[in-house]
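Have a look at the structure below, then the notes.
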Amino acid sequence: VQLQASGGGLAQTGGSLRLSCRASGRAFKNYSVAWFRQAPGKEREIVASITWGATSTYYADSVKGRAAISRDDAKYMAYLQMNSLKPEDTAVYYCAAQNVGGRWGYWGQGTQVTVSS
């Protein structure tokens, strides 16, 4: 599966952004999907994930209550809605899909999110 992230940009503290991840290739519905982010000088971290079938979601503590991950399998799309943005949300955001081995083996290119204070 190939992934392409979009929707990043410049936002003000307290603002919102909706990131999109477009998939192509194999049956998207069979893959769990996650959003990761990497801030300058920091390691990549998982932000949120959603299982295939959307039966379960996970959120990092840093975004819990401010983020919502969703998917539309018919459109081969996944989304990350980020609200109440903080400067510490500034990072490059990546979408990823989980392969049969349980690893996040498929990655899209990143999309930059910058939150100004």
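Note on naming: chains are A, B, ... as they come in the structure tokens, residues start from 1 per chain, ligands start from 1 in the order shown.
Residues lying within 7 Å of A:Tyr106, counting only C-alpha atoms and ignoring same-chain neighbours fewer than 5 positions away, are Val1, Gln2, Ala96, Ala97 and Gln98 of chain A.
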For the residues selected in the previous step, produce a file with all heavy atoms as a compact mmCIF listing (two decimals), in the first residue's frame.
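Wrote part.txt, looks like this:
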```txt
# COMPACT_ATOMS: atom_id res chain seq x y z
N VAL A 1 0.86 -1.18 0.00
CA VAL A 1 0.00 0.00 0.00
C VAL A 1 0.89 1.23 0.00
O VAL A 1 1.93 1.27 0.65
CB VAL A 1 -0.96 -0.01 1.20
CG1 VAL A 1 -0.22 0.06 2.53
CG2 VAL A 1 -1.95 1.14 1.09
N GLN A 2 0.51 2.22 -0.79
CA GLN A 2 1.24 3.49 -0.83
C GLN A 2 0.41 4.55 -0.11
O GLN A 2 -0.81 4.55 -0.18
CB GLN A 2 1.49 3.93 -2.27
CG GLN A 2 2.44 3.02 -3.05
CD GLN A 2 1.76 1.77 -3.57
OE1 GLN A 2 0.67 1.84 -4.11
NE2 GLN A 2 2.40 0.63 -3.38
N ALA A 96 1.16 6.01 8.49
CA ALA A 96 1.79 4.72 8.32
C ALA A 96 0.73 3.62 8.37
O ALA A 96 -0.31 3.79 9.00
CB ALA A 96 2.84 4.49 9.40
N ALA A 97 1.03 2.54 7.71
CA ALA A 97 0.13 1.38 7.74
C ALA A 97 0.91 0.17 8.26
O ALA A 97 2.12 0.05 8.05
CB ALA A 97 -0.43 1.10 6.35
N GLN A 98 0.18 -0.70 8.93
CA GLN A 98 0.81 -1.84 9.57
C GLN A 98 0.78 -3.04 8.66
O GLN A 98 -0.27 -3.40 8.13
CB GLN A 98 0.07 -2.15 10.88
CG GLN A 98 0.84 -2.98 11.86
CD GLN A 98 0.11 -3.03 13.20
OE1 GLN A 98 -1.08 -3.32 13.26
NE2 GLN A 98 0.83 -2.75 14.26
```
For stretch 5-7 of chain A, find every residue with an atom within 9 Å (counting only C-alpha atoms), except residues of its own chain fewer than 3 positions away, and show them as a compact mmCIF listing (two decimals) with C-alpha atoms, in the first residue's frame.
```
# COMPACT_ATOMS: atom_id res chain seq x y z
CA LEU A 17 -5.88 21.24 11.44
CA ARG A 18 -7.10 18.16 9.65
CA LEU A 19 -4.47 15.90 8.20
CA SER A 20 -5.36 13.49 5.44
CA CYS A 21 -3.71 10.28 4.35
CA ARG A 22 -4.55 8.95 0.92
CA ALA A 23 -3.83 5.28 0.28
CA TYR A 93 3.49 14.29 10.59
CA TYR A 94 3.55 10.92 8.84
CA CYS A 95 0.86 8.38 8.19
CA GLY A 108 3.86 8.21 3.46
CA GLN A 109 5.92 11.31 3.02
CA GLY A 110 5.55 13.75 5.87
CA THR A 111 3.47 16.86 6.07
CA GLN A 112 4.74 19.78 8.12
CA VAL A 113 2.61 21.19 10.92
```
Residues at most 12 Å from A:Lys86, counting only C-alpha atoms, excluding those fewer than 3 positions away in the same chain, as a list of chain:residue names?
->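 So, after excluding close chain neighbours, the residues are A:Leu10, A:Ala11, A:Gln12, A:Thr13, A:Gly14, A:Gly15, A:Ser16, A:Leu17, A:Ser62, A:Val63, A:Arg66, A:Ala67, A:Met82, A:Asn83, A:Asp89, A:Thr90, A:Ala91, A:Val113, A:Thr114, A:Val115, A:Ser116, A:Ser117.
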Taking the chain letters and numbering used in this document, name the residues of chain A that DSSP puts in strand (DSSP E), as a PyMOL selection string.
-> chain A and resi 2-6+9-12+17-24+33-38+45-50+57-59+67-72+77-82+91-98+104-107+111-116
Skipping near chain neighbours, those fewer than 3 positions away, what residues fall within 10 Å of stretch 45-57 of chain A using only C-alpha atoms, listed as a ChimeraX atom specification?
-> /A:28-39,42,60-64,67-73,78,80,93-98
List every residue of stretch 19-111 of chain A that DSSP, applied to the backbone of this structure, assigns to helix (DSSP H, G or I), and report them as a ChimeraX atom specification.
-> /A:28-30,52-54,73-75,87-89
Selected residue of minimal separation from A:Leu3 among A:Tyr76, A:Arg103, A:Val92, A:Gly41, counting only C-alpha atoms =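 That would be A:Tyr76, the residue with the smallest distance to A:Leu3.
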